[in-house]
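In what follows, a single structure is set out as structure tokens and then discussed.
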Amino acid sequence: MGGAWLTGALHAIATETGWDPASADHVVGTSAGSLIGSLCVAGVPPWFMVAHSAGEVFEGLADARGRPAAEADRSGGATFKLQRALPPIGPGSWRLALKTLSQPRSHTPGALVSGWLPRGVVSTASLEDIVRRAVPDGWVDHPNLWAMACDYVTGERVAFGSEEAPRADLAKAAAASCAIPGFYFPVTIGGRRYVDGGMHSPSNLDVLVGHELELVICLNPTSTLDAVPARHPIERLQAFMRSASGRRLGSEARKLREQGTEVQLIQPQREDLELMGGNLMSRRRRHEVIERAVETVSRQLAQMQSERLGDLPKGEPERVRRPDGPPSTWPALPRAVQPQRPAA
């Protein structure tokens, strides 16, 4: 559901501003954001993601591996198969669990819980396949595409794609960013296990502090400014999680604003949340969520008073809006792969 909302939100931004989100100086993705951000930067425009989700068949269009685009999974990664591994016994990361006992204040609430959860059993192969259709191996040729994940032993966050991070295939890094502790099987990169970057922060907005950016647009599907009634315990838990995510987001945004960066926060509204429902891993109403996000984010953009937002450079027409005519007449969508970043 988070990836669906992000898809609709990016499509709204592109169509309302004429700007190509993939051209941003920095593209930072956490969990589903790493998948959507990777596809966007690799040359898959938001309008194409929307059309693909709607079930359109693009005759003659193939992915980066030569496979028909129409055969690609339309569930946004919500295809769940068990990982071939021994059943989990005890905490998923004993070392992280014990570390949080001895140093509880040095870890985020997500890390405090994640180490004690059983190791996840669902394979991330379907998530990797989504990215490999655009980038079969290596990394994309973008200076600052970062997929946020967390080391499953130390709890420390890692920005895959940055100079400080271990080298990795983009597909592996994006899958690691999505590997929810206790649900997905951890992703091994360079001999170490990694899990969802949301274990540190749902937004990781503060990773951009110190980069002297003029404008940051943050899309956060896990928080909201709207009051949503909570009628039973599950809904109250969801409200608590959204509130915690919102507080973290606000704190990170303040750090950027204190250094002179304009930060525009875009979050789901009540109509979005009603469609997304309580199970964020469901795909039942995925395309409805995309369509609703296009509407609600377009409204938010219209209400924003920002000269910088209005001055965003115009993107290539085929990256912003669907070209006229059949796919055979479309300009070639770029597939910029950076081969010098091999898998570790």
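Here, A, B, ... name the chains of the structure tokens in the order displayed, residue numbers run from 1 inside each chain, and ligands are numbered from 1 in the same displayed order.
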DSSP strand (DSSP E or B) residues within range 61-202 of chain A, listed as number ranges by chain: A: 62, 68, 82, 122, 139-140, 145-151, 157-160, 162, 184, 187-189, 192-196
Within 7 Å of range 33-39 of chain A using only C-alpha atoms, minus same-chain residues under 5 positions, as a ChimeraX atom specification: /A:3,7,27,44,131,134,147,174,177
For the residues in the current selection, export N, CA and C atoms as a PDB file, in the first residue's frame.
ATOM      1  N   GLY A   3       3.881   1.599  -1.316  1.00  0.00           N
ATOM      2  CA  GLY A   3       4.416   1.768  -2.668  1.00  0.00           C
ATOM      3  C   GLY A   3       3.371   2.289  -3.631  1.00  0.00           C
ATOM      4  N   THR A   7       3.599   5.793  -5.704  1.00  0.00           N
ATOM      5  CA  THR A   7       3.469   5.831  -7.163  1.00  0.00           C
ATOM      6  C   THR A   7       2.506   6.934  -7.591  1.00  0.00           C
ATOM      7  N   VAL A  27      18.020  11.193  -4.379  1.00  0.00           N
ATOM      8  CA  VAL A  27      16.807  10.378  -4.290  1.00  0.00           C
ATOM      9  C   VAL A  27      17.040   9.372  -3.172  1.00  0.00           C
ATOM     10  N   VAL A  44      11.986   4.349 -15.468  1.00  0.00           N
ATOM     11  CA  VAL A  44      10.569   3.979 -15.507  1.00  0.00           C
ATOM     12  C   VAL A  44       9.773   5.151 -14.935  1.00  0.00           C
ATOM     13  N   VAL A 131      13.086  -4.760  -9.509  1.00  0.00           N
ATOM     14  CA  VAL A 131      14.186  -3.856  -9.836  1.00  0.00           C
ATOM     15  C   VAL A 131      15.014  -4.402 -10.996  1.00  0.00           C
ATOM     16  N   ALA A 134      14.391  -3.475 -14.564  1.00  0.00           N
ATOM     17  CA  ALA A 134      14.897  -2.188 -15.036  1.00  0.00           C
ATOM     18  C   ALA A 134      16.422  -2.125 -14.991  1.00  0.00           C
ATOM     19  N   ALA A 147      19.479   3.770  -1.062  1.00  0.00           N
ATOM     20  CA  ALA A 147      18.489   2.833  -0.534  1.00  0.00           C
ATOM     21  C   ALA A 147      18.830   2.591   0.933  1.00  0.00           C
ATOM     22  N   ALA A 174      17.745  -2.569  -2.675  1.00  0.00           N
ATOM     23  CA  ALA A 174      16.339  -2.190  -2.545  1.00  0.00           C
ATOM     24  C   ALA A 174      15.567  -3.253  -1.763  1.00  0.00           C
ATOM     25  N   SER A 177      16.321  -2.885   1.872  1.00  0.00           N
ATOM     26  CA  SER A 177      15.608  -1.745   2.415  1.00  0.00           C
ATOM     27  C   SER A 177      14.163  -2.089   2.760  1.00  0.00           C
TER      28      SER A 177
END
Which polymer residues have any atom within 6 Å of an atom of range 194-206 of chain A, counting only C-alpha atoms, with same-chain residues fewer than 5 positions away left out, as a ChimeraX atom specification? /A:30-31,108,110-111,148-152,176-180,186-187,252
How would the residues just picked look written out with C-alpha atoms as a PDB file, in the first residue's frame?
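Listing of result_26.pdb after writing:
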ATOM      1  CA  THR A  30      13.247   3.724   2.627  1.00  0.00           C
ATOM      2  CA  SER A  31      11.417   0.403   2.304  1.00  0.00           C
ATOM      3  CA  THR A 108      15.770   3.599  17.994  1.00  0.00           C
ATOM      4  CA  GLY A 110      12.402   0.054  15.911  1.00  0.00           C
ATOM      5  CA  ALA A 111      15.799  -1.479  16.625  1.00  0.00           C
ATOM      6  CA  MET A 148      18.232   2.965   3.246  1.00  0.00           C
ATOM      7  CA  ALA A 149      18.664  -0.293   5.158  1.00  0.00           C
ATOM      8  CA  CYS A 150      19.850  -1.371   8.614  1.00  0.00           C
ATOM      9  CA  ASP A 151      22.597  -3.750   9.681  1.00  0.00           C
ATOM     10  CA  TYR A 152      20.848  -6.679  11.393  1.00  0.00           C
ATOM     11  CA  ALA A 176      17.263  -5.125   1.904  1.00  0.00           C
ATOM     12  CA  SER A 177      15.608  -1.745   2.415  1.00  0.00           C
ATOM     13  CA  CYS A 178      12.209  -3.507   2.273  1.00  0.00           C
ATOM     14  CA  ALA A 179      13.082  -6.536   4.452  1.00  0.00           C
ATOM     15  CA  ILE A 180      10.710  -5.962   7.387  1.00  0.00           C
ATOM     16  CA  PRO A 186      17.136 -10.729   5.832  1.00  0.00           C
ATOM     17  CA  VAL A 187      19.170  -9.843   2.733  1.00  0.00           C
ATOM     18  CA  GLU A 252      14.050  15.356  10.917  1.00  0.00           C
TER      19      GLU A 252
END
Could you give me, as a list of chain:residue names, the residues within 9 Å of Val216 in chain A, counting only C-alpha atoms and dropping anything in the same chain fewer than 2 positions from it? A:His26, A:Leu208, A:Leu213, A:Glu214, A:Cys218, A:Leu256, A:Thr261, A:Glu262, A:Val263, A:Gln264, A:Leu265
Deliver the residues from the most recent selection as a file, using all heavy atoms, as a compact mmCIF listing (two decimals), in the first residue's frame.
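Listing of again.txt after writing:
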# COMPACT_ATOMS: atom_id res chain seq x y z
N HIS A 26 19.30 14.36 -5.15
CA HIS A 26 19.34 13.22 -4.24
C HIS A 26 17.98 12.51 -4.30
O HIS A 26 16.94 13.17 -4.27
CB HIS A 26 19.59 13.66 -2.80
CG HIS A 26 20.98 14.16 -2.54
ND1 HIS A 26 21.42 15.37 -3.02
CD2 HIS A 26 22.01 13.61 -1.86
CE1 HIS A 26 22.68 15.56 -2.62
NE2 HIS A 26 23.06 14.50 -1.92
N LEU A 208 19.92 13.78 4.79
CA LEU A 208 20.25 14.86 3.86
C LEU A 208 20.80 16.09 4.56
O LEU A 208 21.18 17.06 3.89
CB LEU A 208 19.00 15.25 3.06
CG LEU A 208 18.47 14.18 2.10
CD1 LEU A 208 17.15 14.63 1.48
CD2 LEU A 208 19.49 13.88 1.01
N LEU A 213 21.08 21.63 0.48
CA LEU A 213 20.04 21.57 -0.55
C LEU A 213 19.08 22.74 -0.39
O LEU A 213 18.82 23.21 0.71
CB LEU A 213 19.27 20.25 -0.44
CG LEU A 213 20.13 18.98 -0.56
CD1 LEU A 213 19.29 17.75 -0.31
CD2 LEU A 213 20.77 18.90 -1.93
N GLU A 214 18.54 23.22 -1.51
CA GLU A 214 17.59 24.33 -1.47
C GLU A 214 16.18 23.84 -1.16
O GLU A 214 15.44 24.48 -0.42
CB GLU A 214 17.60 25.07 -2.81
CG GLU A 214 18.92 25.79 -3.10
CD GLU A 214 18.85 26.54 -4.42
OE1 GLU A 214 17.86 26.38 -5.15
OE2 GLU A 214 19.79 27.30 -4.71
N CYS A 218 9.51 15.56 0.52
CA CYS A 218 9.48 14.28 1.24
C CYS A 218 8.08 13.67 1.16
O CYS A 218 7.10 14.28 1.59
CB CYS A 218 9.88 14.48 2.70
SG CYS A 218 9.83 12.95 3.67
N LEU A 256 16.66 19.96 8.87
CA LEU A 256 16.95 20.49 7.54
C LEU A 256 16.58 21.96 7.44
O LEU A 256 17.32 22.77 6.87
CB LEU A 256 16.19 19.69 6.48
CG LEU A 256 16.80 18.36 6.04
CD1 LEU A 256 15.81 17.59 5.17
CD2 LEU A 256 18.10 18.59 5.29
N THR A 261 17.20 24.88 4.46
CA THR A 261 16.58 24.09 3.39
C THR A 261 15.06 24.18 3.49
O THR A 261 14.49 24.00 4.57
CB THR A 261 17.01 22.61 3.49
OG1 THR A 261 18.42 22.52 3.34
CG2 THR A 261 16.34 21.77 2.41
N GLU A 262 14.40 24.45 2.37
CA GLU A 262 12.94 24.39 2.34
C GLU A 262 12.51 22.93 2.26
O GLU A 262 12.99 22.19 1.40
CB GLU A 262 12.40 25.16 1.14
CG GLU A 262 10.87 25.09 1.02
CD GLU A 262 10.34 25.78 -0.22
OE1 GLU A 262 10.96 26.75 -0.67
OE2 GLU A 262 9.28 25.33 -0.73
N VAL A 263 11.62 22.53 3.15
CA VAL A 263 11.15 21.15 3.18
C VAL A 263 9.64 21.13 2.97
O VAL A 263 8.90 21.77 3.72
CB VAL A 263 11.50 20.46 4.52
CG1 VAL A 263 11.01 19.01 4.52
CG2 VAL A 263 13.00 20.51 4.78
N GLN A 264 9.21 20.41 1.95
CA GLN A 264 7.79 20.22 1.69
C GLN A 264 7.42 18.78 2.02
O GLN A 264 7.93 17.84 1.42
CB GLN A 264 7.46 20.54 0.23
CG GLN A 264 7.64 21.99 -0.15
CD GLN A 264 6.62 22.91 0.52
OE1 GLN A 264 5.63 22.47 1.09
NE2 GLN A 264 6.87 24.22 0.44
N LEU A 265 6.56 18.61 3.02
CA LEU A 265 6.14 17.28 3.47
C LEU A 265 4.80 16.93 2.83
O LEU A 265 3.85 17.70 2.93
CB LEU A 265 6.03 17.23 4.99
CG LEU A 265 7.29 17.60 5.78
CD1 LEU A 265 7.00 17.55 7.27
CD2 LEU A 265 8.44 16.68 5.41
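Shortest atom-to-atom contact with Trp330 in chain A among A:Val140, A:Gly77, A:Pro317, A:Val28: A:Pro317, counting only C-alpha atoms.
Closest to Leu170 in chain A among A:Leu98, A:Val41, A:Gly120, A:Val153 is A:Val41, based on only C-alpha atoms.
Taking range 162-204 of chain A and asking which residues DSSP calls alpha helix (DSSP H) on the backbone, you get A:Leu170, A:Ala171, A:Lys172, A:Ala173, A:Ala174, A:Ala175, A:Ala176, A:Ser177, A:Cys178.
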Just the residues within 7 Å of Ala175 in chain A, please, counting only C-alpha atoms, with nothing from its chain fewer than 5 positions along; format it as a PyMOL selection string. chain A and resi 124+127-128
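Across A:Pro88, A:Pro268, A:Gly60, A:Gly315, the tightest approach to Leu225 in chain A is made by A:Pro268 when counting only C-alpha atoms.
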Between A:Gln267, A:Glu274, A:Pro313, A:Gln259, which one has atoms that come closest to Thr296 in chain A, using only C-alpha atoms? A:Gln267
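Near Ser328 in chain A, within 12 Å and counting only C-alpha atoms, sit Phe58, Glu59, Gly60, Leu61 and Ala62 of chain A, not including residues fewer than 6 positions from it in the same chain.
Excluding Pro21 in chain A itself and same-chain residues fewer than 2 positions from it, the residues having an atom within 9 Å of it are Leu10, Ile13, Ala14, Trp19, Ser23, Ala24, Val27, Gly37, Cys40, Val41, Pro45, Pro46, Gly315 and Val320 of chain A, counting only C-alpha atoms.
Distances from A:Leu273, A:Ala239, A:Leu309, A:Ile130 to Ala78 in chain A were compared using only C-alpha atoms, and the smallest one belongs to A:Ile130.
Nearest to Arg95 in chain A of all the residues A:Thr154, A:Ala70, A:Leu6, A:Tyr184 is A:Thr154, counting only C-alpha atoms.
The space separating CA of Asp20 in chain A from CA of Gly8 in chain A comes to 14.0 Å.
Distance-wise, CA of Pro143 in chain A and CA of Ser162 in chain A end up 8.5 Å apart.
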